[in-house]
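Participant: Next comes the structure file work05.txt, holding compact mmCIF, C-alpha atoms and all ligand atoms.
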# COMPACT_ATOMS: atom_id res chain seq x y z
CA MET Q 1 0.00 0.00 0.00
CA LYS Q 2 1.22 3.45 -0.87
CA VAL Q 3 0.70 6.11 1.81
CA ILE Q 4 0.85 9.84 1.10
CA VAL Q 5 1.15 12.03 4.19
CA THR Q 6 0.09 15.64 3.65
CA LYS Q 7 0.33 18.78 5.82
CA ASN Q 8 -3.38 18.89 6.58
CA TYR Q 9 -6.84 17.75 5.53
CA GLU Q 10 -7.14 20.43 2.84
CA GLN Q 11 -3.91 19.24 1.24
CA SER Q 12 -5.20 15.66 1.45
CA CYS Q 13 -8.31 16.70 -0.47
CA LYS Q 14 -6.18 18.47 -3.09
CA THR Q 15 -3.83 15.49 -3.43
CA THR Q 16 -6.75 13.08 -3.72
CA ALA Q 17 -8.39 15.27 -6.36
CA GLU Q 18 -5.10 15.37 -8.29
CA LEU Q 19 -4.92 11.57 -8.32
CA ILE Q 20 -8.42 11.46 -9.79
CA LEU Q 21 -7.66 14.26 -12.26
CA ASP Q 22 -4.45 12.49 -13.39
CA GLN Q 23 -6.50 9.36 -14.04
CA VAL Q 24 -8.98 11.27 -16.22
CA ARG Q 25 -6.26 13.24 -18.04
CA THR Q 26 -4.48 9.99 -18.87
CA TYR Q 27 -7.67 8.20 -19.81
CA PRO Q 28 -10.61 10.55 -20.54
CA CYS Q 29 -13.10 7.67 -20.78
CA SER Q 30 -12.34 6.58 -17.21
CA LYS Q 31 -15.00 4.81 -15.21
CA LEU Q 32 -14.78 6.21 -11.69
CA GLY Q 33 -16.15 4.74 -8.48
CA LEU Q 34 -17.15 7.66 -6.26
CA ALA Q 35 -17.73 8.12 -2.55
CA THR Q 36 -19.84 10.41 -0.40
CA GLY Q 37 -19.40 11.26 3.30
CA GLY Q 38 -17.88 14.18 5.13
CA THR Q 39 -14.26 13.41 4.21
CA ALA Q 40 -14.73 13.08 0.44
CA GLU Q 41 -16.93 16.18 0.38
CA ASN Q 42 -14.03 18.59 0.12
CA VAL Q 43 -12.26 16.62 -2.61
CA TYR Q 44 -14.92 17.48 -5.19
CA PRO Q 45 -14.43 21.29 -5.25
CA PHE Q 46 -10.86 20.77 -6.51
CA ILE Q 47 -12.17 18.59 -9.34
CA VAL Q 48 -14.91 21.08 -10.19
CA ASP Q 49 -12.38 23.91 -10.16
CA ALA Q 50 -10.04 22.08 -12.56
CA CYS Q 51 -12.99 21.36 -14.83
CA GLN Q 52 -14.23 24.95 -14.81
CA LYS Q 53 -10.71 26.21 -15.61
CA GLY Q 54 -10.53 23.80 -18.54
CA ASP Q 55 -7.69 21.82 -16.93
CA VAL Q 56 -9.56 18.55 -17.39
CA ASP Q 57 -12.34 17.25 -19.60
CA LEU Q 58 -14.89 15.28 -17.58
CA SER Q 59 -17.39 14.87 -20.42
CA LYS Q 60 -16.38 11.30 -21.27
CA ILE Q 61 -16.17 9.80 -17.78
CA THR Q 62 -18.78 7.48 -16.35
CA THR Q 63 -19.31 7.13 -12.61
CA VAL Q 64 -20.77 4.62 -10.17
CA ASN Q 65 -21.25 5.53 -6.51
CA LEU Q 66 -20.47 3.18 -3.65
CA ASP Q 67 -23.68 3.15 -1.68
CA GLU Q 68 -26.92 4.69 -0.42
CA TYR Q 69 -29.21 4.39 2.59
CA MET Q 70 -32.16 2.06 2.12
CA GLY Q 71 -35.43 3.95 2.05
CA MET Q 72 -33.71 7.15 0.94
CA ASP Q 73 -35.51 8.86 -1.92
CA PRO Q 74 -33.03 10.11 -4.57
CA ALA Q 75 -35.14 13.28 -4.68
CA SER Q 76 -34.41 13.97 -0.99
CA GLU Q 77 -31.76 16.54 -0.13
CA GLN Q 78 -30.15 13.98 2.18
CA SER Q 79 -29.70 11.43 -0.60
CA TYR Q 80 -26.29 10.61 -1.98
CA ARG Q 81 -27.72 11.42 -5.43
CA ALA Q 82 -28.38 14.98 -4.21
CA TYR Q 83 -24.91 15.10 -2.61
CA MET Q 84 -23.20 14.11 -5.87
CA ASP Q 85 -25.38 16.33 -8.07
CA LYS Q 86 -24.65 19.34 -5.88
CA ARG Q 87 -20.93 18.79 -5.29
CA LEU Q 88 -19.75 17.37 -8.59
CA PHE Q 89 -22.13 16.47 -11.39
CA GLN Q 90 -23.98 19.76 -11.79
CA PRO Q 91 -21.11 22.21 -11.21
CA ALA Q 92 -18.85 20.14 -13.49
CA GLY Q 93 -21.58 19.79 -16.11
CA ILE Q 94 -21.46 15.98 -16.10
CA ASP Q 95 -24.40 14.45 -17.93
CA ALA Q 96 -26.62 12.63 -15.37
CA ALA Q 97 -26.94 9.71 -17.81
CA ARG Q 98 -23.21 8.99 -17.35
CA THR Q 99 -23.61 8.73 -13.57
CA TYR Q 100 -25.14 6.13 -11.27
CA VAL Q 101 -25.95 6.54 -7.59
CA PRO Q 102 -27.96 3.63 -6.20
CA SER Q 103 -31.54 4.41 -5.21
CA GLY Q 104 -32.66 3.49 -1.72
CA LYS Q 105 -36.28 3.80 -2.77
CA ASN Q 106 -36.41 1.14 -5.47
CA ASP Q 107 -37.22 -2.54 -4.88
CA PRO Q 108 -33.97 -3.96 -3.38
CA GLU Q 109 -33.66 -6.88 -5.79
CA GLU Q 110 -34.22 -4.61 -8.79
CA GLU Q 111 -31.73 -2.07 -7.50
CA ILE Q 112 -29.08 -4.75 -6.86
CA ALA Q 113 -29.56 -5.94 -10.46
CA LEU Q 114 -29.28 -2.38 -11.78
CA PHE Q 115 -26.19 -1.71 -9.64
CA ASN Q 116 -24.51 -4.83 -11.09
CA GLU Q 117 -25.52 -3.78 -14.59
CA LYS Q 118 -23.86 -0.38 -14.03
CA LEU Q 119 -20.72 -2.00 -12.60
CA TYR Q 120 -20.32 -4.82 -15.10
CA GLY Q 121 -22.82 -4.45 -17.98
CA ASP Q 122 -20.46 -2.47 -20.22
CA GLY Q 123 -17.50 -4.80 -19.61
CA HIS Q 124 -15.50 -1.84 -18.31
CA LEU Q 125 -14.34 -2.35 -14.73
CA LEU Q 126 -13.78 0.68 -12.51
CA ASP Q 127 -10.50 2.41 -13.35
CA LEU Q 128 -10.31 4.18 -10.01
CA GLN Q 129 -12.35 3.86 -6.85
CA LEU Q 130 -12.38 6.70 -4.31
CA LEU Q 131 -12.97 5.61 -0.70
CA GLY Q 132 -13.45 7.10 2.73
CA ILE Q 133 -13.28 4.84 5.76
CA GLY Q 134 -15.84 4.50 8.53
CA VAL Q 135 -15.18 4.69 12.25
CA SER Q 136 -16.20 1.02 12.17
CA GLY Q 137 -13.53 0.30 9.54
CA HIS Q 138 -16.13 0.05 6.80
CA ILE Q 139 -15.47 0.78 3.13
CA GLY Q 140 -18.60 1.59 1.19
CA PHE Q 141 -21.09 0.41 3.80
CA ASN Q 142 -19.37 -2.97 4.30
CA GLU Q 143 -19.60 -3.23 8.05
CA PRO Q 144 -17.58 -5.40 10.48
CA GLY Q 145 -18.45 -9.04 10.91
CA GLU Q 146 -18.68 -10.45 7.43
CA LEU Q 147 -16.99 -9.71 4.13
CA ILE Q 148 -19.48 -9.94 1.27
CA ALA Q 149 -18.05 -9.80 -2.24
CA GLY Q 150 -20.97 -8.45 -4.27
CA VAL Q 151 -23.59 -5.71 -4.15
CA HIS Q 152 -25.87 -6.31 -1.18
CA ILE Q 153 -28.19 -4.83 1.40
CA GLN Q 154 -26.20 -4.13 4.56
CA LYS Q 155 -27.35 -3.42 8.09
CA LEU Q 156 -25.43 -0.43 9.42
CA ASP Q 157 -23.14 -0.73 12.42
CA GLU Q 158 -24.13 1.20 15.55
CA SER Q 159 -20.94 3.26 15.23
CA THR Q 160 -21.88 4.25 11.67
CA ILE Q 161 -25.37 5.31 12.74
CA LYS Q 162 -23.85 7.41 15.53
CA ALA Q 163 -21.18 8.92 13.26
CA ASN Q 164 -23.70 9.79 10.53
CA ALA Q 165 -26.32 11.23 12.91
CA ARG Q 166 -24.65 14.60 12.25
CA PHE Q 167 -26.19 14.60 8.77
CA PHE Q 168 -29.73 14.04 10.13
CA ALA Q 169 -32.06 15.80 12.58
CA SER Q 170 -31.44 13.07 15.17
CA GLU Q 171 -29.82 9.66 15.51
CA ALA Q 172 -33.27 8.07 15.29
CA ASP Q 173 -33.62 9.51 11.77
CA VAL Q 174 -30.53 7.72 10.42
CA PRO Q 175 -31.61 4.79 8.22
CA THR Q 176 -30.51 1.42 9.60
CA GLU Q 177 -29.81 -0.29 6.28
CA SER Q 178 -27.94 0.50 3.10
CA ILE Q 179 -27.28 -0.80 -0.39
CA THR Q 180 -23.57 -1.03 -1.07
CA MET Q 181 -20.92 -2.35 -3.42
CA GLY Q 182 -19.38 -5.42 -1.82
CA VAL Q 183 -15.71 -5.65 -0.91
CA GLY Q 184 -15.14 -7.74 -4.04
CA ASP Q 185 -16.68 -5.05 -6.25
CA ILE Q 186 -14.36 -2.47 -4.70
CA MET Q 187 -11.35 -4.77 -5.11
CA LYS Q 188 -12.01 -5.09 -8.86
CA ALA Q 189 -11.16 -1.42 -9.39
CA ALA Q 190 -7.76 -1.03 -11.07
CA LYS Q 191 -6.72 1.68 -8.61
CA ILE Q 192 -8.06 2.61 -5.20
CA VAL Q 193 -7.55 5.94 -3.43
CA LEU Q 194 -8.59 6.17 0.21
CA ILE Q 195 -8.74 9.48 2.07
CA ALA Q 196 -8.97 9.67 5.85
CA THR Q 197 -8.72 12.33 8.52
CA GLY Q 198 -9.72 12.79 12.15
CA GLU Q 199 -9.11 11.27 15.53
CA ASN Q 200 -12.13 8.96 15.33
CA LYS Q 201 -10.50 7.13 12.39
CA VAL Q 202 -7.32 6.25 14.32
CA PRO Q 203 -8.30 2.66 15.27
CA ALA Q 204 -9.44 1.81 11.73
CA LEU Q 205 -6.34 3.37 10.17
CA ARG Q 206 -4.06 1.49 12.56
CA LYS Q 207 -5.65 -1.77 11.46
CA LEU Q 208 -5.29 -0.74 7.82
CA LEU Q 209 -1.72 0.55 7.86
CA MET Q 210 0.13 -0.73 10.90
CA ASP Q 211 -0.13 -4.52 10.66
CA ASP Q 212 -0.58 -7.33 8.15
CA GLU Q 213 -3.85 -8.78 9.35
CA VAL Q 214 -6.84 -9.03 7.05
CA THR Q 215 -9.97 -9.36 9.13
CA ALA Q 216 -13.72 -9.16 8.60
CA GLN Q 217 -13.80 -7.20 11.87
CA VAL Q 218 -12.24 -4.29 9.93
CA PRO Q 219 -13.45 -4.61 6.33
CA ALA Q 220 -10.97 -2.00 5.05
CA THR Q 221 -8.15 -4.45 5.83
CA GLY Q 222 -9.24 -6.34 2.69
CA LEU Q 223 -7.50 -3.54 0.78
CA LYS Q 224 -4.15 -5.04 1.86
CA MET Q 225 -4.76 -7.67 -0.82
CA HIS Q 226 -5.09 -5.10 -3.61
CA ARG Q 227 -2.05 -4.20 -5.69
CA ASP Q 228 -2.72 -0.49 -6.24
CA VAL Q 229 -4.08 1.30 -3.18
CA THR Q 230 -3.02 4.80 -2.15
CA SER Q 231 -4.05 6.07 1.28
CA VAL Q 232 -3.96 9.84 1.70
CA ILE Q 233 -3.71 10.96 5.33
CA ASP Q 234 -2.62 14.17 7.07
CA GLU Q 235 0.36 14.56 9.40
CA GLU Q 236 -1.84 14.69 12.48
CA LEU Q 237 -3.48 11.35 11.70
CA ALA Q 238 -0.14 9.82 10.65
CA GLU Q 239 1.34 10.80 13.98
CA LYS Q 240 -1.60 9.46 15.97
CA ILE Q 241 -1.45 6.04 14.34
CA GLY Q 242 2.33 5.93 14.62
CA TRP Q 243 2.94 5.85 10.85
CA LYS Q 244 6.60 6.33 9.85
CA GLU Q 245 7.67 6.95 6.26
P1 LIG B 1 -16.97 10.26 6.67
O1 LIG B 1 -17.42 8.83 6.16
O2 LIG B 1 -16.04 10.79 5.65
O3 LIG B 1 -18.25 11.03 6.74
O4 LIG B 1 -16.31 10.05 7.99
C1 LIG B 1 -16.50 8.00 5.58
C2 LIG B 1 -17.13 6.66 5.31
O5 LIG B 1 -18.10 6.33 6.00
O6 LIG B 1 -16.66 5.95 4.43
With the file now loaded, output its structure as structure tokens.

Facilitator:
Amino acid sequence: MKVIVTKNYEQSCKTTAELILDQVRTYPCSKLGLATGGTAENVYPFIVDACQKGDVDLSKITTVNLDEYMGMDPASEQSYRAYMDKRLFQPAGIDAARTYVPSGKNDPEEEIALFNEKLYGDGHLLDLQLLGIGVSGHIGFNEPGELIAGVHIQKLDESTIKANARFFASEADVPTESITMGVGDIMKAAKIVLIATGENKVPALRKLLMDDEVTAQVPATGLKMHRDVTSVIDEELAEKIGWKE
């Protein structure tokens, strides 16, 4: 695993955006796996900025998002569809038809089939997958306890519900289930870029970067078996986990 240590979270976002921009500049038809969440949020403005300055052409990319809450209406402001439209697709002028964010409102079996069609139907595997990491050690919404390879419906870990309560009126409003790419879907991406910051990610990052164990108790540890993963962390987090260059 490659680890890039930056000065601070803002630099991590910039560095992460540059890795994605490099991918698209090298291969304009890239198929990108995208992530939502508080950490990835500040990566997108750098991509939008490059696009608006004409430093990258995003018109030929296609995108597939990692996950969504079950029951969430794509029309809701809290949906990951709304998140992506607002932060990337609309400001960068990316045609909605080239993007896929799973719907939490559709029949689960139908949505799983559609998700698989978007991932595999064109025979083009993801060129780059962007990831955050959960307090629980999840990637996508693959929670501790079991590693499931394919797209599935996943019950959210208590720690995820608590962590994500900040995006809802109260903890009781956080959906308890999600639809997510499986760990195997994520692992099929040619490149993976993971961005992390914050004290609450220290235990998960330690398990990812500081030992060799792969365990279903920390799903992100599956990434140790992938040949092209870059983790982008800031100095503060690096110091807290005891990472040495
Ligand atoms: P966060 O979420 O960036 O909001 O902490 C990351 C994740 O759950 O993957």

Participant: Between Q:Gly33, Q:Pro108, Q:Pro102, Q:Gly134, which has the minimum distance to ligand LIG 1 (chain B) (counting only C-alpha atoms and all ligand atoms)?

Facilitator: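 The shortest atom-to-atom distance to ligand LIG 1 (chain B) comes from Q:Gly134.
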
Participant: May I have the residues within 10 Å of ligand LIG 1 (chain B), computed using all atoms listed in the file, as a PDB file with C-alpha atoms, in the frame of the given file?

Facilitator:
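Result saved to part34.pdb:
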ATOM      1  CA  ALA Q  35     -17.730   8.120  -2.550  1.00  0.00           C
ATOM      2  CA  THR Q  36     -19.840  10.410  -0.400  1.00  0.00           C
ATOM      3  CA  GLY Q  37     -19.400  11.260   3.300  1.00  0.00           C
ATOM      4  CA  GLY Q  38     -17.880  14.180   5.130  1.00  0.00           C
ATOM      5  CA  THR Q  39     -14.260  13.410   4.210  1.00  0.00           C
ATOM      6  CA  ALA Q  40     -14.730  13.080   0.440  1.00  0.00           C
ATOM      7  CA  GLU Q  41     -16.930  16.180   0.380  1.00  0.00           C
ATOM      8  CA  ASN Q  42     -14.030  18.590   0.120  1.00  0.00           C
ATOM      9  CA  LEU Q  66     -20.470   3.180  -3.650  1.00  0.00           C
ATOM     10  CA  ASP Q  67     -23.680   3.150  -1.680  1.00  0.00           C
ATOM     11  CA  LEU Q 130     -12.380   6.700  -4.310  1.00  0.00           C
ATOM     12  CA  LEU Q 131     -12.970   5.610  -0.700  1.00  0.00           C
ATOM     13  CA  GLY Q 132     -13.450   7.100   2.730  1.00  0.00           C
ATOM     14  CA  ILE Q 133     -13.280   4.840   5.760  1.00  0.00           C
ATOM     15  CA  GLY Q 134     -15.840   4.500   8.530  1.00  0.00           C
ATOM     16  CA  VAL Q 135     -15.180   4.690  12.250  1.00  0.00           C
ATOM     17  CA  SER Q 136     -16.200   1.020  12.170  1.00  0.00           C
ATOM     18  CA  GLY Q 137     -13.530   0.300   9.540  1.00  0.00           C
ATOM     19  CA  HIS Q 138     -16.130   0.050   6.800  1.00  0.00           C
ATOM     20  CA  ILE Q 139     -15.470   0.780   3.130  1.00  0.00           C
ATOM     21  CA  GLY Q 140     -18.600   1.590   1.190  1.00  0.00           C
ATOM     22  CA  PHE Q 141     -21.090   0.410   3.800  1.00  0.00           C
ATOM     23  CA  ASN Q 142     -19.370  -2.970   4.300  1.00  0.00           C
ATOM     24  CA  GLU Q 143     -19.600  -3.230   8.050  1.00  0.00           C
ATOM     25  CA  THR Q 160     -21.880   4.250  11.670  1.00  0.00           C
ATOM     26  CA  ILE Q 161     -25.370   5.310  12.740  1.00  0.00           C
ATOM     27  CA  ALA Q 163     -21.180   8.920  13.260  1.00  0.00           C
ATOM     28  CA  ASN Q 164     -23.700   9.790  10.530  1.00  0.00           C
ATOM     29  CA  ARG Q 166     -24.650  14.600  12.250  1.00  0.00           C
ATOM     30  CA  PHE Q 167     -26.190  14.600   8.770  1.00  0.00           C
ATOM     31  CA  LEU Q 194      -8.590   6.170   0.210  1.00  0.00           C
ATOM     32  CA  ILE Q 195      -8.740   9.480   2.070  1.00  0.00           C
ATOM     33  CA  ALA Q 196      -8.970   9.670   5.850  1.00  0.00           C
ATOM     34  CA  THR Q 197      -8.720  12.330   8.520  1.00  0.00           C
ATOM     35  CA  GLY Q 198      -9.720  12.790  12.150  1.00  0.00           C
ATOM     36  CA  ASN Q 200     -12.130   8.960  15.330  1.00  0.00           C
ATOM     37  CA  LYS Q 201     -10.500   7.130  12.390  1.00  0.00           C
ATOM     38  CA  ALA Q 220     -10.970  -2.000   5.050  1.00  0.00           C
TER      39      ALA Q 220
END

Participant: What does the distance from atom CA of Val48 of chain Q to atom CA of Ala92 of chain Q come to in Å, to one decimal?

Facilitator: 5.2 Å

Participant: Select, from Q:Asp122, Q:Glu245, Q:Asp234, Q:Glu68, the residue with the minimum atom-to-atom distance to Thr16 of chain Q, counting all atoms listed in the file.

Facilitator: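 Smallest separation from Thr16 of chain Q among the options: Q:Asp234.
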
Participant: Fewer than 4 positions away in the same chain doesn't count, so skip those; otherwise give me all residues within 12 Å of Gln90 of chain Q, counting all atoms listed in the file, as a PyMOL selection string.

Facilitator: chain Q and resi 44-45+48+51-52+58-59+81-86+94-96+99

Participant: Got a sec: who's within 8 Å of Glu146 of chain Q, counting only C-alpha atoms, leaving out chain neighbours fewer than 6 positions off, as a ChimeraX atom specification?

Facilitator: /Q:216-217,219

Participant: Just give me the gap between atom CA of Thr15 of chain Q and atom CA of Phe115 of chain Q in Å, one decimal is fine.

Facilitator: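 So the answer is 28.9 Å.
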
Participant: Dump as a list in words all residues having an atom at most 10 Å from (-5.6, 0.8, 14.5), computed in the file's coordinates with all atoms listed in the file.

Facilitator: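 In the file's frame, the residues around the point are Gly137, Lys201, Val202, Pro203, Ala204, Leu205, Arg206, Lys207, Leu208, Leu209, Met210, Asp211, Val218, Lys240, Ile241 and Gly242 of chain Q.
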
Participant: Quick check, in Å to one decimal: how far apart do atom CA of Glu199 of chain Q and atom CA of Leu32 of chain Q lie?

Facilitator: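 If I compute the distance from atom CA of Glu199 of chain Q to atom CA of Leu32 of chain Q, I get 28.3 Å.
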
Participant: So that I can see what lies close to Ile61 of chain Q, please list as a list in words the residues with an atom at most 8 Å from it, counting only C-alpha atoms and leaving out residues fewer than 6 positions away in the same chain.

Facilitator: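 Final neighbour list, sorted by chain and number: Val24, Pro28, Cys29, Ser30, Lys31, Leu32 and Arg98 of chain Q.
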
Participant: Determine the nearest neighbour of Ile47 of chain Q from the options Q:Thr63, Q:Arg87, Q:Met181, Q:Glu77, counting all atoms listed in the file.

Facilitator: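 Nearest to Ile47 of chain Q: Q:Arg87.
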
Participant: Near Lys2 of chain Q, within 7 Å and counting all atoms listed in the file, which residues show up once chain neighbours fewer than 5 positions away are dropped, as a ChimeraX atom specification?

Facilitator: /Q:229-231

Participant: Of the candidates Q:Glu10, Q:Asp73, Q:Glu177, Q:Glu18, which shows the shortest atom-to-atom distance to Ala50 of chain Q, using only C-alpha atoms?

Facilitator: Q:Glu18

Participant: Go through Q:Gln78, Q:Leu34, Q:Arg227, Q:Thr215 one by one, measure the shortest atom-to-atom distance of each to Phe168 of chain Q using all atoms listed in the file, and give the residue with the smallest value.

Facilitator: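 The shortest atom-to-atom distance to Phe168 of chain Q comes from Q:Gln78.
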
Participant: List the neighbours of Gly184 of chain Q out to 10 Å using only C-alpha atoms; skip same-chain residues closer than 3 positions along the sequence, and give me the result as a PyMOL selection string.

Facilitator: chain Q and resi 147-151+181+187-189+222-223

Participant: Between Q:Leu21, Q:Leu126, Q:Leu88, Q:Met70, which is the closest to Ser178 of chain Q once you count all atoms listed in the file?

Facilitator: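 For Ser178 of chain Q, the nearest of the candidates is Q:Met70.
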